[in-house]
Structure formats: C-alpha cells, structure tokens
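File shown: final_25.cif. Contents: mmCIF, C-alpha atoms and all ligand atoms.
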data_input
#
loop_
_atom_site.label_atom_id
_atom_site.label_comp_id
_atom_site.auth_asym_id
_atom_site.auth_seq_id
_atom_site.Cartn_x
_atom_site.Cartn_y
_atom_site.Cartn_z
CA MET I 1 12.85 23.95 0.25
CA LYS I 2 10.04 24.25 2.79
CA TYR I 3 6.59 23.71 1.28
CA SER I 4 3.64 25.41 2.97
CA PHE I 5 0.29 23.60 2.81
CA LYS I 6 -1.41 27.03 2.59
CA ASP I 7 0.53 28.07 -0.54
CA PRO I 8 -1.78 27.84 -3.61
CA THR I 9 1.19 28.10 -6.00
CA VAL I 10 2.49 24.64 -4.97
CA SER I 11 1.58 21.80 -7.30
CA ILE I 12 2.03 18.05 -6.96
CA ALA I 13 1.57 15.03 -9.24
CA ILE I 14 0.13 11.83 -7.73
CA VAL I 15 0.62 8.74 -9.90
CA GLY I 16 -1.68 5.83 -9.01
CA ALA I 17 -4.04 8.43 -7.49
CA GLY I 18 -7.08 6.24 -8.12
CA GLY I 19 -5.81 3.38 -5.96
CA PHE I 20 -6.36 2.59 -2.27
CA ILE I 21 -3.59 4.81 -0.88
CA GLY I 22 -3.81 7.39 -3.69
CA SER I 23 -7.52 8.05 -3.19
CA HIS I 24 -7.04 8.69 0.55
CA LEU I 25 -4.04 10.89 -0.18
CA LEU I 26 -5.99 12.94 -2.70
CA ASP I 27 -8.83 13.47 -0.22
CA ALA I 28 -6.33 14.58 2.44
CA LEU I 29 -4.51 16.94 0.06
CA ILE I 30 -7.81 18.58 -0.87
CA GLU I 31 -8.93 18.84 2.76
CA ARG I 32 -5.65 19.96 4.33
CA THR I 33 -3.83 22.00 1.65
CA SER I 34 -4.37 24.66 -1.00
CA TRP I 35 -2.19 22.82 -3.53
CA ARG I 36 -3.02 22.05 -7.14
CA ILE I 37 -2.93 18.36 -8.01
CA LEU I 38 -2.35 16.31 -11.14
CA ALA I 39 -3.97 12.91 -10.52
CA VAL I 40 -2.79 10.14 -12.85
CA ASP I 41 -4.24 6.63 -13.06
CA LEU I 42 -5.73 4.10 -15.45
CA ASP I 43 -9.00 4.32 -13.52
CA PHE I 44 -10.67 6.71 -11.07
CA TYR I 45 -13.64 4.69 -9.79
CA ARG I 46 -12.63 5.35 -6.16
CA LEU I 47 -12.59 9.11 -6.80
CA GLN I 48 -16.05 9.73 -8.25
CA HIS I 49 -16.71 12.21 -5.41
CA ARG I 50 -13.73 14.36 -6.52
CA LEU I 51 -14.10 14.30 -10.30
CA HIS I 52 -15.19 17.95 -10.62
CA HIS I 53 -12.90 19.46 -8.02
CA PRO I 54 -11.36 22.71 -9.37
CA ARG I 55 -7.89 22.03 -7.88
CA ILE I 56 -7.51 18.54 -9.39
CA GLU I 57 -6.62 17.74 -12.97
CA PHE I 58 -7.34 14.10 -13.83
CA LEU I 59 -5.17 12.33 -16.36
CA CYS I 60 -6.55 8.90 -17.18
CA ASP I 61 -3.47 7.42 -18.81
CA ASP I 62 -0.64 4.91 -18.54
CA LEU I 63 2.69 5.54 -16.83
CA LYS I 64 4.38 3.38 -19.42
CA LYS I 65 3.95 6.18 -22.02
CA GLU I 66 6.85 8.59 -22.43
CA SER I 67 4.52 11.58 -22.90
CA VAL I 68 2.79 10.78 -19.58
CA VAL I 69 6.14 10.46 -17.81
CA SER I 70 7.40 13.83 -19.00
CA ARG I 71 4.12 15.54 -18.09
CA ILE I 72 4.32 14.11 -14.55
CA ALA I 73 7.98 15.05 -14.14
CA SER I 74 7.20 18.68 -14.95
CA TYR I 75 5.64 18.99 -11.45
CA PRO I 76 7.98 20.00 -8.58
CA ILE I 77 6.74 17.17 -6.31
CA VAL I 78 5.88 13.71 -7.65
CA ILE I 79 4.47 10.87 -5.56
CA ASN I 80 4.54 7.55 -7.38
CA LEU I 81 2.09 4.94 -6.11
CA ALA I 82 1.37 3.23 -9.44
CA ALA I 83 2.07 -0.50 -9.38
CA ILE I 84 0.74 -3.99 -9.76
CA CYS I 85 0.89 -4.88 -6.07
CA VAL I 86 -1.50 -7.76 -5.29
CA PRO I 87 0.45 -10.91 -4.25
CA SER I 88 -1.76 -13.36 -6.15
CA ARG I 89 -0.50 -11.75 -9.40
CA TYR I 90 3.22 -12.14 -8.60
CA MET I 91 3.24 -15.80 -9.67
CA ARG I 92 1.02 -15.64 -12.77
CA GLU I 93 2.20 -12.31 -14.20
CA ALA I 94 5.81 -11.96 -13.04
CA LYS I 95 6.92 -10.17 -16.23
CA GLU I 96 4.17 -7.53 -15.99
CA VAL I 97 4.84 -7.19 -12.25
CA ILE I 98 8.52 -6.50 -12.92
CA GLU I 99 7.76 -4.00 -15.69
CA SER I 100 5.28 -2.21 -13.45
CA ASN I 101 7.56 -2.12 -10.40
CA TYR I 102 10.90 -1.56 -12.13
CA ASN I 103 10.77 -0.39 -15.77
CA HIS I 104 8.01 2.20 -15.38
CA PRO I 105 9.20 3.80 -12.12
CA VAL I 106 12.78 3.90 -13.42
CA ALA I 107 11.67 5.87 -16.49
CA LEU I 108 9.90 8.28 -14.16
CA ALA I 109 12.96 8.56 -11.91
CA LEU I 110 15.14 9.44 -14.92
CA ALA I 111 12.68 12.13 -16.02
CA CYS I 112 12.56 13.56 -12.46
CA ALA I 113 16.37 13.64 -12.30
CA LYS I 114 16.32 15.69 -15.50
CA SER I 115 13.51 18.06 -14.49
CA GLY I 116 14.59 18.52 -10.86
CA ALA I 117 11.32 17.16 -9.40
CA TRP I 118 11.35 15.66 -5.89
CA LEU I 119 10.36 12.02 -6.38
CA ILE I 120 8.63 10.33 -3.44
CA HIS I 121 8.55 6.72 -4.50
CA PHE I 122 6.39 4.01 -2.93
CA SER I 123 8.39 0.85 -2.46
CA THR I 124 7.31 -1.93 -0.06
CA SER I 125 8.10 -3.72 3.20
CA GLU I 126 8.51 -6.79 0.97
CA VAL I 127 12.01 -5.57 0.10
CA TYR I 128 13.05 -7.17 3.41
CA GLY I 129 12.14 -10.43 1.68
CA LYS I 130 11.98 -13.92 3.08
CA THR I 131 12.01 -13.05 6.77
CA SER I 132 11.95 -15.76 9.45
CA ILE I 133 9.43 -16.14 12.28
CA GLU I 134 11.97 -14.89 14.87
CA PRO I 135 10.98 -11.47 16.27
CA CYS I 136 13.18 -8.85 14.66
CA LEU I 137 12.66 -5.14 14.05
CA LEU I 138 13.30 -4.33 10.41
CA GLU I 139 15.54 -1.28 10.09
CA GLU I 140 15.76 0.75 6.93
CA ASP I 141 19.54 1.06 6.76
CA SER I 142 20.82 -2.10 8.42
CA SER I 143 18.43 -5.05 8.00
CA PRO I 144 19.33 -7.62 5.34
CA MET I 145 17.08 -8.09 2.31
CA ILE I 146 17.02 -11.75 1.35
CA LEU I 147 14.89 -13.09 -1.48
CA GLY I 148 14.09 -16.68 -2.53
CA SER I 149 15.01 -18.53 -5.70
CA VAL I 150 14.28 -17.08 -9.16
CA ARG I 151 11.92 -20.00 -9.65
CA ALA I 152 9.85 -18.73 -6.73
CA SER I 153 8.19 -15.89 -8.62
CA ARG I 154 6.56 -14.58 -5.45
CA TRP I 155 9.74 -12.51 -5.18
CA SER I 156 9.30 -10.86 -8.61
CA TYR I 157 7.64 -7.88 -6.95
CA ALA I 158 10.05 -7.55 -4.01
CA CYS I 159 13.06 -7.87 -6.31
CA ALA I 160 11.73 -5.27 -8.78
CA LYS I 161 10.92 -2.85 -5.94
CA GLN I 162 14.36 -3.38 -4.38
CA LEU I 163 16.18 -2.79 -7.66
CA THR I 164 14.12 0.35 -8.25
CA GLU I 165 15.15 1.65 -4.82
CA ARG I 166 18.79 0.99 -5.67
CA TYR I 167 18.45 2.61 -9.09
CA ILE I 168 16.80 5.69 -7.58
CA ALA I 169 19.53 5.96 -4.94
CA SER I 170 22.21 5.71 -7.64
CA LEU I 171 20.87 8.49 -9.88
CA GLN I 172 23.07 11.57 -9.83
CA GLY I 173 21.06 14.73 -9.32
CA LEU I 174 17.77 13.08 -8.35
CA SER I 175 15.98 14.43 -5.25
CA TRP I 176 14.36 11.30 -3.83
CA THR I 177 12.60 9.74 -0.86
CA VAL I 178 11.59 6.07 -0.70
CA LEU I 179 8.67 4.83 1.43
CA ARG I 180 8.14 1.20 2.48
CA PRO I 181 4.54 0.50 3.56
CA PHE I 182 3.79 -2.29 6.04
CA ASN I 183 0.36 -3.75 5.20
CA PHE I 184 -1.86 -0.66 5.10
CA VAL I 185 -5.50 -1.34 5.83
CA GLY I 186 -8.69 0.73 5.77
CA PRO I 187 -11.78 1.63 3.78
CA ARG I 188 -11.48 1.30 -0.04
CA MET I 189 -8.74 -1.32 0.12
CA ASP I 190 -8.65 -3.72 -2.82
CA PHE I 191 -11.89 -5.31 -4.06
CA ILE I 192 -14.33 -8.18 -3.72
CA PRO I 193 -13.65 -10.91 -6.31
CA GLY I 194 -16.49 -11.18 -8.82
CA ILE I 195 -17.89 -7.76 -7.90
CA ASP I 196 -15.24 -5.12 -8.58
CA GLY I 197 -12.10 -7.16 -9.26
CA GLU I 198 -10.71 -10.59 -9.98
CA GLY I 199 -8.13 -12.74 -8.21
CA ILE I 200 -7.20 -12.80 -4.53
CA PRO I 201 -7.19 -9.46 -2.69
CA ARG I 202 -4.78 -8.74 0.18
CA VAL I 203 -5.62 -10.57 3.36
CA LEU I 204 -7.84 -8.11 5.25
CA ALA I 205 -9.95 -7.30 2.18
CA ASN I 206 -10.23 -11.01 1.48
CA PHE I 207 -11.40 -11.75 5.03
CA CYS I 208 -13.97 -8.91 4.83
CA ALA I 209 -15.22 -10.33 1.50
CA ALA I 210 -15.47 -13.85 2.95
CA LEU I 211 -17.43 -12.62 5.98
CA LEU I 212 -19.86 -10.66 3.82
CA LYS I 213 -20.39 -13.58 1.44
CA ASN I 214 -20.66 -16.10 4.29
CA GLU I 215 -17.76 -18.09 2.83
CA PRO I 216 -14.71 -19.54 4.66
CA LEU I 217 -11.75 -17.37 5.67
CA PHE I 218 -8.77 -19.20 4.15
CA LEU I 219 -5.68 -19.53 6.34
CA VAL I 220 -2.72 -20.07 4.05
CA ASP I 221 -0.18 -22.52 5.51
CA GLN I 222 -2.10 -22.49 8.82
CA GLY I 223 -2.07 -18.69 9.14
CA VAL I 224 1.21 -18.71 11.06
CA SER I 225 2.83 -15.83 9.21
CA ARG I 226 2.67 -12.50 10.99
CA ARG I 227 2.16 -8.94 9.77
CA SER I 228 2.13 -5.46 11.31
CA PHE I 229 -1.00 -3.78 9.99
CA THR I 230 -1.02 0.00 9.56
CA SER I 231 -4.07 2.24 9.48
CA ILE I 232 -4.43 4.15 6.22
CA HIS I 233 -5.00 7.29 8.33
CA ASP I 234 -1.63 6.87 10.08
CA ALA I 235 -0.08 6.28 6.66
CA ILE I 236 -1.49 9.53 5.30
CA HIS I 237 -0.15 11.42 8.36
CA PHE I 238 3.22 9.92 7.54
CA ILE I 239 3.16 11.20 3.95
CA PHE I 240 2.29 14.66 5.25
CA ALA I 241 5.20 14.46 7.71
CA VAL I 242 7.49 13.74 4.75
CA LEU I 243 6.04 16.63 2.73
CA VAL I 244 6.76 19.16 5.50
CA HIS I 245 10.24 17.77 6.17
CA GLN I 246 11.77 17.73 2.71
CA GLU I 247 15.31 18.39 3.91
CA GLU I 248 15.21 15.52 6.45
CA SER I 249 13.54 13.18 3.91
CA LEU I 250 15.85 13.67 0.94
CA GLY I 251 18.00 10.64 0.16
CA GLN I 252 16.21 8.50 2.79
CA ALA I 253 14.16 5.30 2.77
CA PHE I 254 11.52 5.09 5.51
CA ASN I 255 9.37 2.28 6.88
CA ILE I 256 5.72 3.27 7.28
CA GLY I 257 4.26 0.90 9.83
CA ASN I 258 3.00 0.28 13.32
CA PRO I 259 4.99 -2.26 15.37
CA GLU I 260 2.20 -2.33 17.99
CA ASN I 261 -0.23 -3.83 15.47
CA GLU I 262 1.53 -7.14 14.89
CA LEU I 263 -0.37 -10.42 14.90
CA SER I 264 -0.58 -13.73 13.06
CA ILE I 265 -2.99 -14.21 10.18
CA ALA I 266 -4.85 -16.85 12.22
CA GLU I 267 -5.29 -14.26 15.02
CA LEU I 268 -6.45 -11.70 12.46
CA ALA I 269 -9.13 -14.12 11.20
CA ASP I 270 -10.35 -14.68 14.79
CA ARG I 271 -10.56 -10.95 15.48
CA MET I 272 -12.40 -10.30 12.24
CA ARG I 273 -14.94 -13.03 12.97
CA GLN I 274 -15.56 -11.55 16.42
CA ILE I 275 -15.92 -8.00 15.10
CA TYR I 276 -18.34 -9.21 12.41
CA ALA I 277 -20.45 -11.10 14.98
CA SER I 278 -20.64 -8.02 17.16
CA LEU I 279 -21.46 -5.63 14.25
CA LYS I 280 -24.18 -7.98 13.00
CA GLN I 281 -25.31 -8.91 16.51
CA VAL I 282 -25.13 -12.65 15.84
CA SER I 283 -23.36 -15.44 17.72
CA ILE I 284 -19.85 -16.42 16.63
CA ASP I 285 -20.99 -19.83 15.32
CA GLN I 286 -23.23 -18.08 12.79
CA VAL I 287 -20.16 -16.38 11.27
CA SER I 288 -18.11 -17.87 8.37
CA PRO I 289 -15.58 -20.43 9.66
CA VAL I 290 -11.84 -20.49 8.97
CA GLN I 291 -10.47 -23.11 6.60
CA LEU I 292 -6.85 -24.26 6.29
CA ILE I 293 -5.30 -24.37 2.82
CA SER I 294 -1.77 -24.89 1.49
CA SER I 295 -0.10 -21.97 -0.28
CA LYS I 296 0.44 -24.16 -3.35
CA GLU I 297 -3.27 -24.91 -3.59
CA TYR I 298 -4.27 -21.29 -2.91
CA TYR I 299 -1.70 -19.28 -4.87
CA GLY I 300 -0.17 -21.95 -7.11
CA GLU I 301 3.43 -22.87 -7.88
CA GLY I 302 6.10 -20.29 -7.00
CA TYR I 303 4.58 -18.90 -3.79
CA GLU I 304 6.78 -18.38 -0.75
CA ASP I 305 6.17 -16.13 2.22
CA SER I 306 7.70 -13.56 4.53
CA LEU I 307 6.99 -15.09 7.91
CA ARG I 308 7.21 -11.97 10.01
CA ARG I 309 7.52 -8.22 9.41
CA ILE I 310 7.85 -5.74 12.27
CA PRO I 311 8.86 -2.21 11.29
CA SER I 312 11.35 -0.19 13.25
CA ILE I 313 9.93 3.34 13.36
CA GLU I 314 12.91 4.93 15.11
CA LYS I 315 14.16 6.70 11.99
CA ALA I 316 10.73 8.19 11.26
CA LYS I 317 10.50 9.38 14.89
CA ARG I 318 13.97 10.86 14.83
CA LEU I 319 13.86 12.61 11.45
CA LEU I 320 10.16 13.39 11.03
CA GLY I 321 8.78 13.35 14.59
CA TYR I 322 6.27 10.78 13.39
CA VAL I 323 4.54 8.12 15.51
CA PRO I 324 1.52 6.07 14.44
CA ASN I 325 -1.40 6.09 16.86
CA GLU I 326 -4.42 4.16 15.51
CA ALA I 327 -5.17 1.01 17.50
CA LEU I 328 -5.61 -2.12 15.39
CA ASP I 329 -9.12 -2.99 16.59
CA VAL I 330 -10.38 0.48 15.67
CA THR I 331 -8.95 0.13 12.16
CA LEU I 332 -10.29 -3.41 11.69
CA GLN I 333 -13.77 -2.36 12.76
CA GLU I 334 -13.69 0.73 10.53
CA THR I 335 -12.59 -1.34 7.53
CA LEU I 336 -15.18 -4.07 8.01
CA SER I 337 -17.95 -1.50 8.58
CA TRP I 338 -16.95 0.20 5.34
CA PHE I 339 -17.08 -3.11 3.44
CA ILE I 340 -20.53 -3.89 4.86
CA GLU I 341 -21.88 -0.47 3.90
CA HIS I 342 -20.11 -0.14 0.53
CA TYR I 343 -21.15 -3.56 -0.79
CA ARG I 344 -24.63 -3.51 0.81
CA LEU I 345 -26.46 -3.41 -2.51
CA ALA I 346 -23.98 -5.54 -4.49
CA LEU I 347 -24.20 -8.67 -2.31
P1 LIG I 401 -3.59 0.00 -5.55
O1 LIG I 401 -3.51 -1.17 -6.46
O2 LIG I 401 -4.86 0.26 -4.84
O3 LIG I 401 -3.19 1.32 -6.35
C1 LIG I 401 -2.24 1.35 -7.38
C2 LIG I 401 -2.83 2.21 -8.50
O4 LIG I 401 -1.85 2.31 -9.53
C3 LIG I 401 -4.09 1.58 -9.14
O5 LIG I 401 -5.17 2.49 -9.06
C4 LIG I 401 -3.67 1.31 -10.57
O6 LIG I 401 -4.71 1.50 -11.51
C5 LIG I 401 -2.53 2.33 -10.77
N1 LIG I 401 -1.63 1.91 -11.83
C6 LIG I 401 -1.02 0.71 -11.99
N2 LIG I 401 -0.28 0.70 -13.10
C7 LIG I 401 -0.41 1.93 -13.67
C8 LIG I 401 0.11 2.52 -14.85
N3 LIG I 401 0.92 1.85 -15.67
N4 LIG I 401 -0.24 3.80 -15.14
C9 LIG I 401 -1.06 4.50 -14.31
N5 LIG I 401 -1.59 3.98 -13.17
C10 LIG I 401 -1.27 2.71 -12.87
O7 LIG I 401 -2.38 -0.14 -4.51
P2 LIG I 401 -2.10 0.66 -3.17
O8 LIG I 401 -2.38 -0.24 -2.03
O9 LIG I 401 -2.74 2.00 -3.21
O10 LIG I 401 -0.51 0.80 -3.25
C11 LIG I 401 0.13 1.92 -3.80
C12 LIG I 401 1.65 1.74 -3.77
O11 LIG I 401 2.10 1.38 -2.47
C13 LIG I 401 2.17 0.64 -4.71
O12 LIG I 401 3.38 1.08 -5.28
C14 LIG I 401 2.44 -0.53 -3.79
O13 LIG I 401 3.46 -1.36 -4.29
C15 LIG I 401 2.86 0.18 -2.52
N6 LIG I 401 2.56 -0.66 -1.34
C16 LIG I 401 1.32 -0.67 -0.78
C17 LIG I 401 1.08 -1.46 0.32
C18 LIG I 401 -0.25 -1.47 1.01
O14 LIG I 401 -0.32 -2.00 2.14
N7 LIG I 401 -1.31 -0.92 0.44
C19 LIG I 401 2.08 -2.27 0.86
C20 LIG I 401 3.33 -2.26 0.25
C21 LIG I 401 3.56 -1.43 -0.85
N1 LIG I 402 -3.21 -14.85 3.48
C1 LIG I 402 -4.12 -15.77 4.03
N2 LIG I 402 -5.40 -15.81 3.51
C2 LIG I 402 -5.81 -14.99 2.50
C3 LIG I 402 -4.88 -14.05 1.97
C4 LIG I 402 -3.59 -14.01 2.48
O1 LIG I 402 -3.80 -16.53 4.94
O2 LIG I 402 -6.97 -15.09 2.11
C5 LIG I 402 -1.85 -14.74 4.06
C6 LIG I 402 -0.70 -14.72 3.06
O3 LIG I 402 -0.26 -16.03 2.77
C7 LIG I 402 0.35 -13.94 3.83
C8 LIG I 402 -0.47 -12.94 4.66
O4 LIG I 402 -1.79 -13.48 4.70
O5 LIG I 402 1.02 -14.78 4.73
C9 LIG I 402 -0.53 -11.53 4.07
O6 LIG I 402 -0.91 -11.62 2.72
P1 LIG I 402 -1.28 -10.39 1.82
O7 LIG I 402 -1.76 -10.93 0.52
O8 LIG I 402 -2.20 -9.46 2.51
O9 LIG I 402 0.06 -9.55 1.55
P2 LIG I 402 1.61 -9.67 1.92
O10 LIG I 402 1.78 -9.10 3.27
O11 LIG I 402 2.01 -11.11 1.85
O12 LIG I 402 2.24 -8.83 0.86
#

Will you turn the file into structure tokens for me?
Ligand code: NAD
Ligand code: UDP
Amino acid sequence: MKYSFKDPTVSIAIVGAGGFIGSHLLDALIERTSWRILAVDLDFYRLQHRLHHPRIEFLCDDLKKESVVSRIASYPIVINLAAICVPSRYMREAKEVIESNYNHPVALALACAKSGAWLIHFSTSEVYGKTSIEPCLLEEDSSPMILGSVRASRWSYACAKQLTERYIASLQGLSWTVLRPFNFVGPRMDFIPGIDGEGIPRVLANFCAALLKNEPLFLVDQGVSRRSFTSIHDAIHFIFAVLVHQEESLGQAFNIGNPENELSIAELADRMRQIYASLKQVSIDQVSPVQLISSKEYYGEGYEDSLRRIPSIEKAKRLLGYVPNEALDVTLQETLSWFIEHYRLAL
C-alpha cells in the first residue's frame, strides 16, 4: 500500500506522542500531511501548542490498558514510541523498565496482528549491547547483540527491547517495521532535574542543564565512551522515508543514526562548553568545568556501558534512499539555544 501525505482519509496512531520524538513527529505530521492523528500519552506538556488542532485526537491514557491497546490497533498505521527509556532508571526500576519495553509493546503487537495495522515500533541502538571501543559499524542484520550479566540491570532495557523485536518478527500476520535510534538530540529532549523531571537525563540534556545551572558536567568513567548523535530533524525525515516506502520497510529493522557525528563524551563536554561560552559571550574559564566520576558513584550498582556505537546506514540508503545531513555542531548549538530560551524564566 502506498500512502499519500495529501490524502485526508489516512489516519495514524502515535503512542508516546507527548515525548521528545513524538512531539516533533506530531508537529511534522501536521505540517507536512493531511492525515488524521490519534495521539496517545500519559502527558502532553510538550504539545500545549497543538492541543486544539482539529486533525488531532488526544488520548491521555496508559498503554498498559487493554481498551487503550485495542483503540490504537484500530488505526491502519501505528507508531509506538511509548517507553521508559532514561538510562538512570534501568538500574533502580528494572521490572518497570521491562514491562514498559516488553510487556506493553507485545500486547500492542498482538492487537495489530489481529487488526491488520502496520506497526512501526521504536526499539533502540542499545540492542547491540555491550560494544567494545574498537571502531565497528553496527549493521542491522549481521552485527552481534551481546548483553552483560543479569546482575547488571543496565541491560534490562536493551534485553526487553531486543526480545520485543524478536517477538514482533515472529508474529504470523503482523505487518511490522522496527527502528533503532542512535542517540537523538534536539530541542525538547528530556528535562532539567528539579524543574520538570527527576533523575539523570540523557547526556546532552544533562550537559545543557549543568551549563545553565553553572554546575559541573560529569564525565562518567572519564567520558571515554563514544556515541553517534543524530539530529531530531534527520530522525523525523527518516520516519517520513519509512512512511512513503511501506513495501521496502515491511519486515525490516533499520538503524536511524549519523555515523559522521561520532565523538567521545569527553569531546562532547568540551564542545558544549565552547558553544555555551560563545552563545553567552564569556570566556571558557567562566563556564562550568567538567568533573570525573565513576559510573558506580553516578548511576549506582548494576551500571555497565556500551563503549562505542556507530550506525551503518547502508540499508536505509539502499531501501529508503535516506541519508542524514545535519552537522553535529549545528544540532548542538540549536539544542543548547533551545534550553537557554526554554528555561530562561525557570532558572
Ligand atoms: P520520551 O521519554 O521523551 O517519550 C516517551 C513517551 O512515552 C513519554 O512521553 C511517556 O510519557 C510515554 N509513555 C511511557 N509509558 C507510557 C504508557 N504506558 N502509556 C502511554 N504513554 C507512555 O522518549 P523519546 O526519546 O521520545 O523516545 C521514544 C522511543 O524511542 C522510546 O521507545 C525509546 O526507547 C526509543 N529510543 C529513543 C532514543 C533517543 O535518542 N531519543 C534512543 C533509543 C531509543
Ligand atoms: N554520561 C556522562 N555524563 C552524564 C550522562 C551520561 O558521562 O551526565 C555518559 C554515559 O555513561 C554514557 C554516555 O554518556 O556513556 C551516553 O549516556 P546517555 O545517558 O545519554 O545514553 P546511552 O547512550 O548510554 O543510552
């Protein structure tokens, strides 16, 4: 089936629509399509500007309810973004993390198999697991996926996501596509602890928060681990590429990432300090310093890390004609500027 963005009879359900990725996706669907949208989440604080839009129906409810699942599955296209997905929670709340990333999406997958909906499920680059520091492109259909011990509950999330992928792929009659994000960054990501959330946000949000509060930027285990950061705008283009290429996307898992944007966390902290100094027009020694901390002290018992994650994007190029194009510095500056402006009155 070929979906046209101009066709007003097409409808889509977005689960986790109020989150970082979901809120950008909703904006893009409103701006670039004529589709009707069911937006499902526990909270819509990021979507205040869309609350009265005539093409969006908001359902403030929980994916763990059967009635919510069957309502969602009655849509022909379902994108599931709902999850507990902040690493600091994987150690303290492993059971809830597993329920959120396995039990709930599996119930939705079963309902979609029954209704015939196309399920586009958000997994994670963490399914590749405990990667080493050696440079290695992670390929969707050939790279190994190795997790740590069951006592290291950091892997609760990765394991639940991986099992969900396998369950989805095993379901007879389900039309599915799995997406594996590589560290998306941009405006609206995560929160600032004590202001609009609690715990430890993902690294870029945490560095923005530290710079704004004039507190140290913590480098966990010396900041040697490396990530490939992906602009939220490139990520949204990717989702649109999937939506127009249903035939090529069915039964496939795709990385969504930018291999050009790879750097260590220590390098990320340096860049962020420099960008902040230039935005604020102050000298670098007036900007929050970095501070080393062990992972045990920062995250507690049970934390382990993926040391390096570089996405192969060959499959996305080949099947969807997709290539990311936002340069990292542009994205970092955009994100930090958004944090400065958004939290101007709160800090
Ligand atoms: P997010 O936390 O900003 O958004 C997730 C949303 O899901 C939240 O708004 C939350 O309220 C909602 N939600 C959680 N449980 C729910 C439930 N039971 N019922 C209804 N809504 C519920 O996260 P995000 O960054 O937008 O990530 C979205 C998806 O992408 C997740 O599945 C995540 O695992 C995956 N992912 C994201 C990244 C990234 O870089 N952002 C990386 C890897 C994987
Ligand atoms: N990290 C860090 N300081 C922070 C937050 C995270 O050094 O304040 C490190 C973390 O240990 C990991 C990397 O940054 O090596 C990315 O962490 P994040 O929480 O963003 O997500 P992940 O990619 O691990 O899922």

Compare I:Leu279, I:Leu217, I:Val178, I:Leu204 by their minimum atom-to-atom distance to Gln252 in chain I, counting only C-alpha atoms, and give me the closest one.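 Of the candidates, the smallest distance to Gln252 in chain I is held by I:Val178.
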
Surrounding residues as a short mmCIF file (atom, residue, chain, number, x, y, z; two decimals) with C-alpha atoms, in the coordinates of the input, ligand LIG 401 (chain I), max 8 Å, all atoms listed in the file:
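What landed in result_19.cif:
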data_model
loop_
_atom_site.label_atom_id
_atom_site.label_comp_id
_atom_site.auth_asym_id
_atom_site.auth_seq_id
_atom_site.Cartn_x
_atom_site.Cartn_y
_atom_site.Cartn_z
CA VAL I 15 0.62 8.74 -9.90
CA GLY I 16 -1.68 5.83 -9.01
CA ALA I 17 -4.04 8.43 -7.49
CA GLY I 18 -7.08 6.24 -8.12
CA GLY I 19 -5.81 3.38 -5.96
CA PHE I 20 -6.36 2.59 -2.27
CA ILE I 21 -3.59 4.81 -0.88
CA GLY I 22 -3.81 7.39 -3.69
CA SER I 23 -7.52 8.05 -3.19
CA VAL I 40 -2.79 10.14 -12.85
CA ASP I 41 -4.24 6.63 -13.06
CA LEU I 42 -5.73 4.10 -15.45
CA ASP I 43 -9.00 4.32 -13.52
CA PHE I 44 -10.67 6.71 -11.07
CA CYS I 60 -6.55 8.90 -17.18
CA ASP I 61 -3.47 7.42 -18.81
CA ASP I 62 -0.64 4.91 -18.54
CA LEU I 63 2.69 5.54 -16.83
CA LYS I 64 4.38 3.38 -19.42
CA ASN I 80 4.54 7.55 -7.38
CA LEU I 81 2.09 4.94 -6.11
CA ALA I 82 1.37 3.23 -9.44
CA ALA I 83 2.07 -0.50 -9.38
CA ILE I 84 0.74 -3.99 -9.76
CA CYS I 85 0.89 -4.88 -6.07
CA VAL I 86 -1.50 -7.76 -5.29
CA SER I 100 5.28 -2.21 -13.45
CA ASN I 101 7.56 -2.12 -10.40
CA HIS I 104 8.01 2.20 -15.38
CA HIS I 121 8.55 6.72 -4.50
CA PHE I 122 6.39 4.01 -2.93
CA SER I 123 8.39 0.85 -2.46
CA THR I 124 7.31 -1.93 -0.06
CA SER I 125 8.10 -3.72 3.20
CA GLU I 126 8.51 -6.79 0.97
CA LYS I 161 10.92 -2.85 -5.94
CA ARG I 180 8.14 1.20 2.48
CA PRO I 181 4.54 0.50 3.56
CA PHE I 182 3.79 -2.29 6.04
CA ASN I 183 0.36 -3.75 5.20
CA PHE I 184 -1.86 -0.66 5.10
CA VAL I 185 -5.50 -1.34 5.83
CA MET I 189 -8.74 -1.32 0.12
CA ASP I 190 -8.65 -3.72 -2.82
CA THR I 230 -1.02 0.00 9.56
#

What is the distance between CA of Val323 in chain I and CA of Leu47 in chain I, in Å to one decimal? 28.1 Å

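Remark: for ligand LIG 402 (chain I), the closest of the candidate residues I:Tyr298, I:Trp35, I:Tyr167, I:Phe238 is I:Tyr298 (distances computed over only C-alpha atoms and all ligand atoms).
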
All residues having an atom within 8 Å of ligand LIG 402 (chain I) (only C-alpha atoms and all ligand atoms) as a ChimeraX atom specification: /I:86-88,126,182-183,200-204,206-207,217-227,265-266,295,305-307

Please, which residues are within 12 Å of (-15.2, -2.9, 8.4) by the file's coordinates, counting all atoms listed in the file, and could they come as JSON, numbers by chain? {"I": [185, 186, 187, 188, 189, 204, 205, 206, 207, 208, 209, 211, 212, 271, 272, 273, 274, 275, 276, 277, 278, 279, 280, 328, 329, 330, 331, 332, 333, 334, 335, 336, 337, 338, 339, 340, 341, 342, 343]}

Calculate, to one decimal in Å, the centre and edge lengths of the box along x, y and z of the file that holds all listed atoms of range 207-220 of chain I with 5 Å of margin on each side, and present them as AutoDock Vina command-line options.
--center_x -11.7 --center_y -14.5 --center_z 3.9 --size_x 27.9 --size_y 21.2 --size_z 14.9

So which one's closest to Glu262 in chain I, I:Leu29, I:Leu347, I:Val290, I:Ala327? Using all atoms listed in the file, please. I:Ala327

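In this structure, CA of Gly251 in chain I sits 14.7 Å away from CA of Ile79 in chain I.
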
Residue with smallest distance to Tyr299 in chain I - pool I:Asn258, I:Thr131, I:Ser264, I:Ser153, counting all atoms listed in the file: I:Ser153

Extract, using only C-alpha atoms, all DNA, RNA and protein residues at most 6 Å from Lys6 in chain I, discarding same-chain residues fewer than 2 positions from it, and format them as number ranges by chain. I: 4, 33-34

For Tyr157 in chain I, work out the shell of residues within 7 Å, counting only C-alpha atoms and skipping chain neighbours fewer than 3 positions away, then give it as a list in words.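 Final neighbour list, sorted by chain and number: Tyr90, Val97, Ile98, Asn101, Arg154, Ala160 and Lys161 of chain I.
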
Per residue of range 114-227 of chain I within 10 Å of range 245-248 of chain I, note the shortest atom pair and the distance in Å to one decimal, counting only C-alpha atoms, and order the rows by chain and increasing residue number, as CSV.
residue,atom,partner,partner_atom,distance
I:Trp118,CA,I:Gln246,CA,8.9
I:Ser175,CA,I:Gln246,CA,9.6
I:Trp176,CA,I:Gln246,CA,9.5
I:Thr177,CA,I:Gln246,CA,8.8

Quick one: pull the distance between CA of Leu38 in chain I and CA of Ala13 in chain I, Å, one decimal.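 Atom-to-atom, CA of Leu38 in chain I and CA of Ala13 in chain I are spaced 4.5 Å apart.
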